[in-house]
$ cat query-v3.json   # JSON, C-alpha atoms and all ligand atoms
[["chain", "number", "residue", "atom", "x", "y", "z"],
["A", 1, "MET", "CA", 0.00, 0.00, 0.00],
["A", 2, "HIS", "CA", 2.78, 2.38, 1.02],
["A", 3, "SER", "CA", 4.78, 1.65, -2.10],
["A", 4, "GLU", "CA", 1.67, 2.31, -4.27],
["A", 5, "LEU", "CA", 1.29, 5.71, -2.62],
["A", 6, "PHE", "CA", 4.96, 6.52, -3.18],
["A", 7, "ASP", "CA", 4.70, 5.38, -6.84],
["A", 8, "GLU", "CA", 1.68, 7.66, -7.34],
["A", 9, "PHE", "CA", 3.54, 10.55, -5.71],
["A", 10, "ASP", "CA", 6.62, 9.97, -7.92],
["A", 11, "ASP", "CA", 4.41, 9.70, -11.01],
["A", 12, "ARG", "CA", 2.68, 12.99, -10.25],
["A", 13, "ASN", "CA", 5.99, 14.75, -9.60],
["A", 14, "ALA", "CA", 7.46, 13.42, -12.85],
["A", 15, "ARG", "CA", 4.34, 14.50, -14.79],
["A", 16, "ARG", "CA", 4.48, 17.98, -13.28],
["A", 17, "ARG", "CA", 8.21, 18.34, -14.01],
["A", 18, "ALA", "CA", 7.59, 17.37, -17.65],
["A", 19, "TRP", "CA", 4.63, 19.76, -17.81],
["A", 20, "ARG", "CA", 6.74, 22.62, -16.45],
["A", 21, "GLU", "CA", 9.61, 22.08, -18.90],
["A", 22, "HIS", "CA", 7.21, 21.99, -21.84],
["A", 23, "ARG", "CA", 5.23, 25.03, -20.62],
["A", 24, "GLU", "CA", 8.40, 27.09, -20.14],
["A", 25, "THR", "CA", 9.51, 26.23, -23.68],
["A", 26, "MET", "CA", 6.13, 27.36, -25.03],
["A", 27, "GLU", "CA", 6.26, 30.57, -22.95],
["A", 28, "SER", "CA", 9.63, 31.46, -24.48],
["A", 29, "ARG", "CA", 8.24, 31.24, -28.05],
["A", 30, "PRO", "CA", 6.36, 34.11, -29.72],
["A", 31, "GLU", "CA", 2.59, 33.73, -29.71],
["A", 32, "GLY", "CA", 0.96, 32.42, -32.89],
["A", 33, "LYS", "CA", 2.34, 33.18, -36.36],
["A", 34, "ARG", "CA", 5.52, 35.24, -36.05],
["A", 35, "TRP", "CA", 4.21, 38.40, -37.74],
["A", 36, "ARG", "CA", 0.85, 38.21, -36.01],
["A", 37, "GLY", "CA", 2.51, 37.60, -32.63],
["A", 38, "HIS", "CA", 4.84, 40.54, -33.30],
["A", 39, "VAL", "CA", 2.01, 42.93, -34.23],
["A", 40, "ARG", "CA", -0.08, 41.80, -31.27],
["A", 41, "GLY", "CA", 2.92, 42.18, -28.95],
["A", 42, "GLN", "CA", 3.58, 45.72, -30.25],
["A", 43, "LEU", "CA", -0.07, 46.75, -29.86],
["A", 44, "TYR", "CA", -0.28, 45.23, -26.42],
["A", 45, "GLY", "CA", 2.97, 46.95, -25.35],
["A", 46, "ALA", "CA", 1.73, 50.32, -26.67],
["A", 47, "ALA", "CA", -1.59, 49.92, -24.82],
["A", 48, "GLN", "CA", 0.24, 49.00, -21.62],
["A", 49, "ARG", "CA", 2.50, 52.06, -21.92],
["A", 50, "ALA", "CA", -0.52, 54.30, -22.56],
["A", 51, "HIS", "CA", -2.18, 52.76, -19.52],
["A", 52, "GLU", "CA", 0.88, 53.55, -17.35],
["A", 53, "VAL", "CA", 0.92, 57.19, -18.51],
["A", 54, "LEU", "CA", -2.82, 57.72, -18.22],
["A", 55, "ARG", "CA", -3.32, 55.78, -14.95],
["A", 56, "PRO", "CA", -3.17, 58.88, -12.68],
["A", 57, "THR", "CA", -5.65, 60.85, -14.83],
["A", 58, "ARG", "CA", -9.21, 61.44, -13.70],
["A", 59, "PRO", "CA", -11.04, 59.57, -16.51],
["A", 60, "PHE", "CA", -8.86, 56.49, -15.98],
["A", 61, "LYS", "CA", -9.34, 56.58, -12.21],
["A", 62, "ARG", "CA", -13.10, 56.90, -12.68],
["A", 63, "GLY", "CA", -13.17, 54.10, -15.27],
["A", 64, "ALA", "CA", -11.20, 51.80, -12.97],
["A", 65, "GLU", "CA", -13.45, 52.62, -10.03],
["A", 66, "ARG", "CA", -16.53, 51.74, -12.11],
["A", 67, "ALA", "CA", -14.92, 48.56, -13.45],
["A", 68, "LEU", "CA", -14.44, 47.38, -9.88],
["A", 69, "ARG", "CA", -18.14, 47.53, -8.99],
["A", 70, "LEU", "CA", -18.41, 43.75, -8.85],
["A", 71, "GLU", "CA", -21.68, 41.84, -8.83],
["A", 72, "LEU", "CA", -22.30, 38.61, -6.93],
["A", 73, "THR", "CA", -24.29, 36.28, -9.17],
["A", 74, "GLU", "CA", -26.19, 33.47, -7.46],
["A", 75, "VAL", "CA", -26.50, 30.50, -9.81],
["A", 76, "THR", "CA", -28.40, 27.31, -8.98],
["A", 77, "VAL", "CA", -27.84, 24.21, -11.08],
["A", 78, "SER", "CA", -30.18, 21.29, -10.47],
["A", 79, "LEU", "CA", -29.25, 17.90, -11.94],
["A", 80, "PRO", "CA", -30.92, 14.53, -11.34],
["A", 81, "ASP", "CA", -27.60, 12.65, -11.24],
["A", 82, "LEU", "CA", -25.88, 14.93, -8.72],
["A", 83, "PRO", "CA", -24.64, 12.61, -5.94],
["A", 84, "ALA", "CA", -27.10, 12.98, -3.05],
["A", 85, "ASP", "CA", -24.51, 14.03, -0.47],
["A", 86, "PHE", "CA", -23.51, 16.98, -2.70],
["A", 87, "ASP", "CA", -27.06, 18.38, -2.70],
["A", 88, "GLY", "CA", -26.63, 22.01, -1.57],
["A", 89, "TYR", "CA", -22.86, 22.11, -2.30],
["A", 90, "ARG", "CA", -21.76, 25.69, -3.08],
["A", 91, "ILE", "CA", -18.90, 26.54, -5.43],
["A", 92, "LEU", "CA", -17.50, 30.08, -5.45],
["A", 93, "HIS", "CA", -16.23, 30.85, -8.94],
["A", 94, "LEU", "CA", -13.54, 33.50, -9.46],
["A", 95, "THR", "CA", -11.88, 34.09, -12.80],
["A", 96, "ASP", "CA", -9.81, 36.54, -14.83],
["A", 97, "LEU", "CA", -8.55, 38.52, -11.88],
["A", 98, "HIS", "CA", -5.86, 40.40, -13.89],
["A", 99, "LEU", "CA", -4.52, 41.64, -10.55],
["A", 100, "ASP", "CA", -1.87, 43.96, -12.00],
["A", 101, "ASN", "CA", -4.27, 45.87, -14.29],
["A", 102, "ILE", "CA", -6.08, 47.88, -11.60],
["A", 103, "GLU", "CA", -4.12, 48.10, -8.37],
["A", 104, "GLU", "CA", -7.17, 47.92, -6.10],
["A", 105, "THR", "CA", -8.62, 44.74, -7.68],
["A", 106, "ALA", "CA", -7.28, 42.40, -4.99],
["A", 107, "ALA", "CA", -8.52, 44.51, -2.07],
["A", 108, "VAL", "CA", -12.00, 44.94, -3.57],
["A", 109, "THR", "CA", -12.25, 41.24, -4.44],
["A", 110, "ALA", "CA", -11.12, 40.20, -0.95],
["A", 111, "GLU", "CA", -13.80, 42.43, 0.57],
["A", 112, "HIS", "CA", -16.47, 40.71, -1.53],
["A", 113, "VAL", "CA", -15.37, 37.09, -1.04],
["A", 114, "ALA", "CA", -15.07, 37.61, 2.72],
["A", 115, "GLN", "CA", -18.87, 38.02, 2.77],
["A", 116, "VAL", "CA", -19.69, 34.84, 0.84],
["A", 117, "ASP", "CA", -19.78, 31.37, 2.38],
["A", 118, "SER", "CA", -19.12, 28.42, 0.10],
["A", 119, "ASP", "CA", -17.84, 24.85, 0.22],
["A", 120, "LEU", "CA", -15.20, 25.16, -2.48],
["A", 121, "CYS", "CA", -13.58, 28.06, -4.33],
["A", 122, "VAL", "CA", -12.44, 27.58, -7.94],
["A", 123, "ILE", "CA", -10.31, 30.02, -9.92],
["A", 124, "THR", "CA", -10.34, 29.55, -13.69],
["A", 125, "GLY", "CA", -7.18, 31.42, -14.61],
["A", 126, "ASP", "CA", -5.69, 34.74, -15.69],
["A", 127, "ILE", "CA", -4.37, 35.82, -12.33],
["A", 128, "ARG", "CA", -2.33, 38.43, -14.16],
["A", 129, "ASP", "CA", -2.77, 40.76, -17.12],
["A", 130, "ASN", "CA", 0.66, 41.88, -18.30],
["A", 131, "ILE", "CA", 2.86, 38.84, -18.94],
["A", 132, "HIS", "CA", 5.81, 40.86, -17.59],
["A", 133, "ALA", "CA", 4.15, 41.64, -14.25],
["A", 134, "PRO", "CA", 6.39, 40.45, -11.41],
["A", 135, "VAL", "CA", 5.23, 37.17, -9.88],
["A", 136, "PRO", "CA", 5.87, 38.21, -6.21],
["A", 137, "LEU", "CA", 3.52, 41.22, -6.62],
["A", 138, "LEU", "CA", 0.76, 39.02, -8.07],
["A", 139, "ILE", "CA", 1.18, 36.40, -5.37],
["A", 140, "GLU", "CA", 1.02, 39.02, -2.63],
["A", 141, "ARG", "CA", -2.25, 40.34, -4.09],
["A", 142, "LEU", "CA", -3.66, 36.85, -4.66],
["A", 143, "GLY", "CA", -2.78, 36.03, -1.04],
["A", 144, "HIS", "CA", -5.14, 38.80, 0.19],
["A", 145, "ILE", "CA", -7.98, 37.21, -1.74],
["A", 146, "VAL", "CA", -7.23, 33.61, -0.76],
["A", 147, "SER", "CA", -7.00, 34.48, 2.92],
["A", 148, "ALA", "CA", -10.49, 36.06, 2.70],
["A", 149, "VAL", "CA", -12.11, 33.00, 1.05],
["A", 150, "ARG", "CA", -14.56, 31.11, 3.30],
["A", 151, "ALA", "CA", -14.69, 27.69, 1.65],
["A", 152, "GLY", "CA", -14.34, 24.54, 3.80],
["A", 153, "ASP", "CA", -12.86, 22.42, 0.98],
["A", 154, "GLY", "CA", -10.28, 25.04, 0.02],
["A", 155, "VAL", "CA", -9.27, 26.65, -3.26],
["A", 156, "LEU", "CA", -8.55, 25.02, -6.64],
["A", 157, "SER", "CA", -7.11, 26.87, -9.61],
["A", 158, "VAL", "CA", -6.13, 26.41, -13.22],
["A", 159, "LEU", "CA", -3.92, 28.69, -15.29],
["A", 160, "GLY", "CA", -5.02, 31.06, -18.04],
["A", 161, "ASN", "CA", -3.27, 32.25, -21.18],
["A", 162, "HIS", "CA", -1.78, 35.22, -19.27],
["A", 163, "ASP", "CA", -0.33, 33.03, -16.49],
["A", 164, "SER", "CA", 3.08, 31.37, -16.30],
["A", 165, "ALA", "CA", 4.58, 28.14, -15.00],
["A", 166, "ALA", "CA", 6.60, 30.21, -12.50],
["A", 167, "MET", "CA", 3.36, 31.11, -10.69],
["A", 168, "VAL", "CA", 2.41, 27.54, -9.78],
["A", 169, "SER", "CA", 4.74, 26.91, -6.87],
["A", 170, "PRO", "CA", 4.08, 30.24, -5.07],
["A", 171, "MET", "CA", 0.33, 29.76, -5.64],
["A", 172, "GLU", "CA", 0.57, 26.36, -3.96],
["A", 173, "ASP", "CA", 2.49, 27.99, -1.09],
["A", 174, "LEU", "CA", -0.66, 30.09, -0.54],
["A", 175, "GLY", "CA", -2.62, 26.85, -0.09],
["A", 176, "ILE", "CA", -4.16, 26.82, -3.59],
["A", 177, "ARG", "CA", -4.24, 23.45, -5.33],
["A", 178, "VAL", "CA", -3.26, 24.15, -8.94],
["A", 179, "LEU", "CA", -4.60, 21.53, -11.36],
["A", 180, "LEU", "CA", -2.30, 20.87, -14.31],
["A", 181, "ASN", "CA", -4.24, 18.52, -16.60],
["A", 182, "GLU", "CA", -5.33, 16.30, -13.73],
["A", 183, "THR", "CA", -8.34, 15.27, -11.69],
["A", 184, "VAL", "CA", -8.96, 15.49, -7.94],
["A", 185, "THR", "CA", -11.76, 13.81, -6.05],
["A", 186, "PHE", "CA", -13.88, 15.24, -3.22],
["A", 187, "THR", "CA", -15.83, 13.02, -0.84],
["A", 188, "ARG", "CA", -19.00, 13.87, 1.09],
["A", 189, "GLY", "CA", -20.55, 11.09, 3.13],
["A", 190, "ALA", "CA", -20.77, 8.11, 0.80],
["A", 191, "ASP", "CA", -20.51, 10.16, -2.42],
["A", 192, "VAL", "CA", -17.70, 11.53, -4.57],
["A", 193, "MET", "CA", -17.33, 14.33, -7.10],
["A", 194, "HIS", "CA", -14.37, 14.51, -9.51],
["A", 195, "ILE", "CA", -12.91, 17.81, -10.67],
["A", 196, "THR", "CA", -10.64, 17.95, -13.72],
["A", 197, "GLY", "CA", -8.55, 21.09, -14.21],
["A", 198, "LEU", "CA", -6.70, 21.93, -17.42],
["A", 199, "ASP", "CA", -3.83, 24.17, -18.34],
["A", 200, "ASP", "CA", -4.80, 26.97, -20.77],
["A", 201, "VAL", "CA", -6.20, 25.56, -24.02],
["A", 202, "HIS", "CA", -5.43, 28.57, -26.24],
["A", 203, "ARG", "CA", -1.79, 29.57, -26.38],
["A", 204, "PHE", "CA", -0.69, 26.59, -24.25],
["A", 205, "ARG", "CA", -2.89, 23.88, -25.75],
["A", 206, "THR", "CA", -1.28, 20.44, -25.53],
["A", 207, "PRO", "CA", -2.49, 16.87, -26.07],
["A", 208, "ALA", "CA", -2.09, 16.35, -22.28],
["A", 209, "ALA", "CA", -5.04, 18.69, -21.63],
["A", 210, "HIS", "CA", -7.34, 16.70, -23.90],
["A", 211, "ALA", "CA", -6.06, 13.42, -22.48],
["A", 212, "ALA", "CA", -6.92, 14.66, -18.97],
["A", 213, "LEU", "CA", -10.53, 15.33, -20.02],
["A", 214, "ASP", "CA", -10.87, 11.86, -21.54],
["A", 215, "ALA", "CA", -9.22, 10.23, -18.52],
["A", 216, "ALA", "CA", -11.78, 11.62, -16.05],
["A", 217, "PRO", "CA", -13.16, 8.74, -13.97],
["A", 218, "ASP", "CA", -16.69, 7.41, -14.19],
["A", 219, "GLY", "CA", -19.13, 9.29, -11.97],
["A", 220, "PHE", "CA", -20.05, 12.95, -11.51],
["A", 221, "CYS", "CA", -17.28, 15.07, -13.09],
["A", 222, "VAL", "CA", -16.75, 18.82, -13.18],
["A", 223, "ALA", "CA", -14.31, 20.57, -15.56],
["A", 224, "LEU", "CA", -12.32, 23.73, -14.79],
["A", 225, "VAL", "CA", -10.94, 25.25, -17.98],
["A", 226, "HIS", "CA", -9.84, 28.83, -18.59],
["A", 227, "SER", "CA", -11.74, 29.09, -21.87],
["A", 228, "PRO", "CA", -15.09, 27.66, -23.08],
["A", 229, "CYS", "CA", -13.37, 26.28, -26.20],
["A", 230, "ALA", "CA", -12.80, 22.77, -24.76],
["A", 231, "ALA", "CA", -16.55, 22.28, -24.18],
["A", 232, "ASP", "CA", -16.98, 19.81, -27.07],
["A", 233, "GLN", "CA", -14.56, 17.36, -25.61],
["A", 234, "ALA", "CA", -15.41, 17.94, -21.96],
["A", 235, "ALA", "CA", -19.10, 17.20, -22.64],
["A", 236, "ARG", "CA", -18.25, 13.54, -23.24],
["A", 237, "ARG", "CA", -17.44, 12.85, -19.58],
["A", 238, "HIS", "CA", -18.31, 15.98, -17.58],
["A", 239, "ARG", "CA", -21.62, 17.31, -16.28],
["A", 240, "LEU", "CA", -20.46, 20.79, -15.32],
["A", 241, "TYR", "CA", -17.94, 23.22, -16.79],
["A", 242, "PHE", "CA", -16.63, 26.38, -15.10],
["A", 243, "THR", "CA", -14.85, 28.89, -17.30],
["A", 244, "GLY", "CA", -13.99, 32.53, -18.06],
["A", 245, "HIS", "CA", -11.50, 34.10, -20.50],
["A", 246, "THR", "CA", -14.07, 36.21, -22.36],
["A", 247, "HIS", "CA", -14.64, 38.81, -19.58],
["A", 248, "GLY", "CA", -18.22, 38.63, -20.88],
["A", 249, "GLY", "CA", -16.87, 40.81, -23.71],
["A", 250, "GLN", "CA", -15.69, 43.54, -21.24],
["A", 251, "PHE", "CA", -17.24, 46.02, -23.72],
["A", 252, "CYS", "CA", -20.86, 45.23, -24.50],
["A", 253, "LEU", "CA", -23.87, 46.74, -26.20],
["A", 254, "PRO", "CA", -26.56, 48.12, -23.86],
["A", 255, "THR", "CA", -28.29, 44.72, -24.20],
["A", 256, "GLY", "CA", -25.24, 43.08, -22.60],
["A", 257, "ARG", "CA", -24.21, 41.43, -25.87],
["A", 258, "PRO", "CA", -20.40, 41.34, -26.22],
["A", 259, "ILE", "CA", -19.02, 43.56, -29.00],
["A", 260, "LYS", "CA", -16.19, 41.00, -29.26],
["A", 261, "SER", "CA", -16.07, 37.80, -27.22],
["A", 262, "GLY", "CA", -12.45, 36.81, -27.91],
["A", 263, "LEU", "CA", -13.60, 33.31, -28.94],
["A", 264, "LYS", "CA", -12.89, 32.06, -32.46],
["A", 265, "ARG", "CA", -15.86, 29.73, -32.10],
["A", 266, "SER", "CA", -18.35, 28.82, -29.39],
["A", 267, "GLY", "CA", -19.59, 32.45, -29.31],
["A", 268, "ASP", "CA", -22.81, 31.26, -27.69],
["A", 269, "LEU", "CA", -20.73, 30.15, -24.69],
["A", 270, "ALA", "CA", -19.26, 33.65, -24.20],
["A", 271, "SER", "CA", -21.18, 34.64, -21.07],
["A", 272, "GLY", "CA", -23.50, 33.25, -18.41],
["A", 273, "ALA", "CA", -25.13, 29.78, -18.22],
["A", 274, "TRP", "CA", -25.25, 27.46, -21.22],
["A", 275, "ARG", "CA", -25.79, 23.86, -22.15],
["A", 276, "HIS", "CA", -23.54, 21.87, -24.47],
["A", 277, "GLY", "CA", -24.63, 18.29, -25.08],
["A", 278, "ASP", "CA", -25.43, 16.87, -21.66],
["A", 279, "MET", "CA", -23.12, 19.34, -19.92],
["A", 280, "VAL", "CA", -24.09, 22.58, -18.18],
["A", 281, "GLY", "CA", -21.52, 25.38, -18.22],
["A", 282, "TYR", "CA", -21.04, 28.76, -16.66],
["A", 283, "THR", "CA", -18.87, 31.43, -18.29],
["A", 284, "SER", "CA", -18.22, 34.17, -15.78],
["A", 285, "ARG", "CA", -17.65, 37.77, -16.85],
["A", 286, "GLY", "CA", -14.73, 37.64, -14.43],
["A", 287, "ILE", "CA", -13.34, 40.14, -11.99],
["A", 288, "GLY", "CA", -10.59, 42.12, -13.68],
["A", 289, "THR", "CA", -10.01, 44.03, -16.88],
["A", 290, "SER", "CA", -7.53, 43.42, -19.65],
["A", 291, "ILE", "CA", -5.29, 46.18, -21.07],
["A", 292, "LEU", "CA", -7.77, 49.05, -20.62],
["A", 293, "PRO", "CA", -9.17, 49.38, -17.08],
["A", 294, "PHE", "CA", -12.74, 49.86, -18.30],
["A", 295, "ARG", "CA", -15.94, 47.88, -18.71],
["A", 296, "LEU", "CA", -19.02, 48.92, -20.64],
["A", 297, "HIS", "CA", -22.48, 47.41, -19.93],
["A", 298, "CYS", "CA", -20.64, 44.39, -18.55],
["A", 299, "PRO", "CA", -19.99, 44.52, -14.79],
["A", 300, "GLY", "CA", -17.32, 42.35, -13.22],
["A", 301, "GLU", "CA", -18.65, 39.26, -11.54],
["A", 302, "ILE", "CA", -18.13, 36.74, -8.74],
["A", 303, "ALA", "CA", -20.44, 33.75, -9.09],
["A", 304, "ARG", "CA", -21.63, 31.34, -6.41],
["A", 305, "VAL", "CA", -23.04, 28.17, -7.91],
["A", 306, "THR", "CA", -25.25, 26.03, -5.69],
["A", 307, "LEU", "CA", -25.68, 22.42, -6.81],
["A", 308, "ARG", "CA", -29.05, 20.75, -6.22],
["A", 309, "ARG", "CA", -30.21, 17.23, -6.90],
["A", 310, "GLY", "CA", -33.48, 17.33, -8.84],
["A", 311, "PRO", "CA", -35.01, 17.87, -12.28],
["A", 312, "GLU", "CA", -32.62, 19.63, -14.70],
["A", 313, "THR", "CA", -32.89, 23.40, -14.30],
["A", 314, "VAL", "CA", -30.52, 26.36, -14.10],
["A", 315, "SER", "CA", -31.36, 29.65, -12.48],
["A", 316, "VAL", "CA", -29.20, 32.75, -12.65],
["A", 317, "GLY", "CA", -30.12, 35.40, -10.09],
["A", 318, "GLU", "CA", -33.87, 35.57, -9.93],
["A", 319, "ASN", "CA", -34.28, 34.13, -13.40],
["A", 320, "LEU", "CA", -34.86, 30.52, -14.30],
["A", 321, "THR", "CA", -32.82, 30.10, -17.48],
["A", 322, "ASP", "CA", -34.32, 27.75, -20.04],
["A", 323, "LEU", "CA", -31.37, 25.82, -21.48],
["A", 324, "TRP", "CA", -33.38, 22.83, -22.68],
["B", 401, "FE", "FE", -8.66, 37.14, -18.87]]
$ encode --input "query-v3.json" --output "structure tokens"
Amino acid sequence: MHSELFDEFDDRNARRRAWREHRETMESRPEGKRWRGHVRGQLYGAAQRAHEVLRPTRPFKRGAERALRLELTEVTVSLPDLPADFDGYRILHLTDLHLDNIEETAAVTAEHVAQVDSDLCVITGDIRDNIHAPVPLLIERLGHIVSAVRAGDGVLSVLGNHDSAAMVSPMEDLGIRVLLNETVTFTRGADVMHITGLDDVHRFRTPAAHAALDAAPDGFCVALVHSPCAADQAARRHRLYFTGHTHGGQFCLPTGRPIKSGLKRSGDLASGAWRHGDMVGYTSRGIGTSILPFRLHCPGEIARVTLRRGPETVSVGENLTDLW
């Protein structure tokens, strides 16, 4: 028995070492096609420099203050096959924190999460905005949030396309369990729930992420993926999917429709609750802002999802959402 445990431990460490080496190699390469990556890098750099210069100005301060008016969205997902002992289980969903974009994001988020009880907190990536932001600063800010979380089963996280391999170890030092293409199992009474967490599936897409989805055990499985774009494959073995990446558009029409979702496909999964095959998903608008510290008709969001065992329904806020 002991040797099996040691073998499993060694296996996991070897897998994580291999993951890290591969991730660091990918991080050192330019993004996408060389010219496109170059243009995008130049535009991004120019926007970041403009942001630095304009940060102390009144319109920017006001925009940032408005962008940080976060909403708490209460979501209830009822499924007939939810294991009975998980009836009433509450998952606090944080995503796209971009903690270096607006300095006060961590403090405001911590204030909000301190007022919300849950059983488990999940973070679906993009802790940072600027890929050159220093890791110690991000970890210090993330630490404020994590220490305010009131979730008995702790905090799980995956990485987003803005995050780096170097963030994993200090995140785990904060007590966060970072899932790198792997599944963990939670037990309540006689029942279990499996949670599979993937590395980013855009810039850092690898076969290991897809293999992890297919390797999820039989039973009730939940997927944590930074972007909705792995929904097709996840729907084969997972019942629930938590995601972000889109910021709900960040800039929306007055109807709340994103002007640009940032998804090449799966645009209908860009915001809120959705159904894909037999799987229910929730795409949060997220907490932070990317590049420009503004939001338009698209407030930042912290979602608490309560799982119920019963006929299939999803309600978001006061509204029962008809996904079927
Ligand atoms: Fe993001």
$ atom_distance --input "query-v3.json" --atom1 "atom CA of A:Ala148" --atom2 "atom CA of A:His112"
8.7 Å
$ closest_atom_pairs --input "query-v3.json" --of "stretch 228-309 of chain A" --to "stretch 65-84 of chain A" --cutoff "9 Å" --atoms "only C-alpha atoms" --output "CSV"
residue,atom,partner,partner_atom,distance
A:Arg239,CA,A:Leu79,CA,8.8
A:Ala273,CA,A:Val75,CA,8.6
A:Val280,CA,A:Val77,CA,8.2
A:Tyr282,CA,A:Val75,CA,8.9
A:Ile287,CA,A:Leu70,CA,7.0
A:Gly288,CA,A:Leu68,CA,7.5
A:Thr289,CA,A:Ala67,CA,7.5
A:Pro293,CA,A:Ala67,CA,6.8
A:Phe294,CA,A:Ala67,CA,5.5
A:Arg295,CA,A:Ala67,CA,5.4
A:Leu296,CA,A:Ala67,CA,8.3
A:Cys298,CA,A:Ala67,CA,8.7
A:Pro299,CA,A:Leu70,CA,6.2
A:Gly300,CA,A:Leu70,CA,4.7
A:Glu301,CA,A:Glu71,CA,4.8
A:Ile302,CA,A:Leu72,CA,4.9
A:Ala303,CA,A:Thr73,CA,4.6
A:Arg304,CA,A:Glu74,CA,5.1
A:Val305,CA,A:Val75,CA,4.6
A:Thr306,CA,A:Thr76,CA,4.7
A:Leu307,CA,A:Val77,CA,5.1
A:Arg308,CA,A:Ser78,CA,4.4
A:Arg309,CA,A:Leu79,CA,5.2
$ closest_residue --input "query-v3.json" --among "A:His297, A:Pro311, A:Leu180, A:Ile145" --to "A:Glu104" --atoms "only C-alpha atoms"
A:Ile145
$ atom_distance --input "query-v3.json" --atom1 "atom CA of A:Ile176" --atom2 "atom CA of A:Asp96"
15.9 Å
$ residues_around --input "query-v3.json" --residues "stretch 114-128 of chain A" --least-positions-apart "3" --cutoff "9 Å" --atoms "only C-alpha atoms" --output "NGL selection string"
:A and (89-101 or 109-111 or 131 or 133 or 135 or 138-139 or 142 or 145 or 147-163 or 197 or 199-200 or 224-227 or 242-245 or 288 or 304-306)
$ write_last_selection --input "query-v3.json" --atoms "C-alpha atoms" --output "tab-separated table (two decimals), keeping the file's coordinate frame"
chain	number	residue	atom	x	y	z
A	89	TYR	CA	-22.86	22.11	-2.30
A	90	ARG	CA	-21.76	25.69	-3.08
A	91	ILE	CA	-18.90	26.54	-5.43
A	92	LEU	CA	-17.50	30.08	-5.45
A	93	HIS	CA	-16.23	30.85	-8.94
A	94	LEU	CA	-13.54	33.50	-9.46
A	95	THR	CA	-11.88	34.09	-12.80
A	96	ASP	CA	-9.81	36.54	-14.83
A	97	LEU	CA	-8.55	38.52	-11.88
A	98	HIS	CA	-5.86	40.40	-13.89
A	99	LEU	CA	-4.52	41.64	-10.55
A	100	ASP	CA	-1.87	43.96	-12.00
A	101	ASN	CA	-4.27	45.87	-14.29
A	109	THR	CA	-12.25	41.24	-4.44
A	110	ALA	CA	-11.12	40.20	-0.95
A	111	GLU	CA	-13.80	42.43	0.57
A	131	ILE	CA	2.86	38.84	-18.94
A	133	ALA	CA	4.15	41.64	-14.25
A	135	VAL	CA	5.23	37.17	-9.88
A	138	LEU	CA	0.76	39.02	-8.07
A	139	ILE	CA	1.18	36.40	-5.37
A	142	LEU	CA	-3.66	36.85	-4.66
A	145	ILE	CA	-7.98	37.21	-1.74
A	147	SER	CA	-7.00	34.48	2.92
A	148	ALA	CA	-10.49	36.06	2.70
A	149	VAL	CA	-12.11	33.00	1.05
A	150	ARG	CA	-14.56	31.11	3.30
A	151	ALA	CA	-14.69	27.69	1.65
A	152	GLY	CA	-14.34	24.54	3.80
A	153	ASP	CA	-12.86	22.42	0.98
A	154	GLY	CA	-10.28	25.04	0.02
A	155	VAL	CA	-9.27	26.65	-3.26
A	156	LEU	CA	-8.55	25.02	-6.64
A	157	SER	CA	-7.11	26.87	-9.61
A	158	VAL	CA	-6.13	26.41	-13.22
A	159	LEU	CA	-3.92	28.69	-15.29
A	160	GLY	CA	-5.02	31.06	-18.04
A	161	ASN	CA	-3.27	32.25	-21.18
A	162	HIS	CA	-1.78	35.22	-19.27
A	163	ASP	CA	-0.33	33.03	-16.49
A	197	GLY	CA	-8.55	21.09	-14.21
A	199	ASP	CA	-3.83	24.17	-18.34
A	200	ASP	CA	-4.80	26.97	-20.77
A	224	LEU	CA	-12.32	23.73	-14.79
A	225	VAL	CA	-10.94	25.25	-17.98
A	226	HIS	CA	-9.84	28.83	-18.59
A	227	SER	CA	-11.74	29.09	-21.87
A	242	PHE	CA	-16.63	26.38	-15.10
A	243	THR	CA	-14.85	28.89	-17.30
A	244	GLY	CA	-13.99	32.53	-18.06
A	245	HIS	CA	-11.50	34.10	-20.50
A	288	GLY	CA	-10.59	42.12	-13.68
A	304	ARG	CA	-21.63	31.34	-6.41
A	305	VAL	CA	-23.04	28.17	-7.91
A	306	THR	CA	-25.25	26.03	-5.69
$ closest_residue --input "query-v3.json" --among "A:Val39, A:Leu263, A:Val53, A:Leu198" --to "ligand FE 401 (chain B)" --atoms "only C-alpha atoms and all ligand atoms"
A:Leu263
$ residues_around --input "query-v3.json" --residues "A:Gly262" --least-positions-apart "4" --cutoff "9 Å" --atoms "all atoms listed in the file" --output "list in words"
His245, Thr246, His247, Gly249, Gly267 and Ala270 of chain A
$ atom_distance --input "query-v3.json" --atom1 "atom CA of A:Gln48" --atom2 "atom CA of A:Ala165"
22.3 Å
$ closest_residue --input "query-v3.json" --among "A:Ser169, A:Asn130, A:Thr25, A:Gln233" --to "ligand FE 401 (chain B)" --atoms "all atoms listed in the file"
A:Asn130
$ closest_residue --input "query-v3.json" --among "A:Ile291, A:Val222, A:Val314, A:Leu137" --to "ligand FE 401 (chain B)" --atoms "all atoms listed in the file"
A:Ile291
$ axis_aligned_box --input "query-v3.json" --around "stretch 181-191 of chain A" --padding-each-side "6 Å" --output "AutoDock Vina command-line options"
--center_x -12.5 --center_y 13.3 --center_z -6.7 --size_x 28.5 --size_y 22.4 --size_z 31.7
$ closest_residue --input "query-v3.json" --among "A:Asp129, A:Asp214, A:Glu182, A:Asp268" --to "ligand FE 401 (chain B)" --atoms "all atoms listed in the file"
A:Asp129
$ decode --input "query-v3.json" --residues "stretch 297-304 of chain A" --atoms "C-alpha atoms" --output "mmCIF file, in the first residue's frame"
data_model
loop_
_atom_site.group_PDB
_atom_site.id
_atom_site.type_symbol
_atom_site.label_atom_id
_atom_site.label_comp_id
_atom_site.auth_asym_id
_atom_site.auth_seq_id
_atom_site.Cartn_x
_atom_site.Cartn_y
_atom_site.Cartn_z
ATOM 1 C CA HIS A 297 -22.477 47.409 -19.930
ATOM 2 C CA CYS A 298 -20.636 44.395 -18.548
ATOM 3 C CA PRO A 299 -19.995 44.518 -14.795
ATOM 4 C CA GLY A 300 -17.322 42.348 -13.224
ATOM 5 C CA GLU A 301 -18.649 39.259 -11.542
ATOM 6 C CA ILE A 302 -18.130 36.742 -8.739
ATOM 7 C CA ALA A 303 -20.442 33.754 -9.094
ATOM 8 C CA ARG A 304 -21.634 31.342 -6.412
#
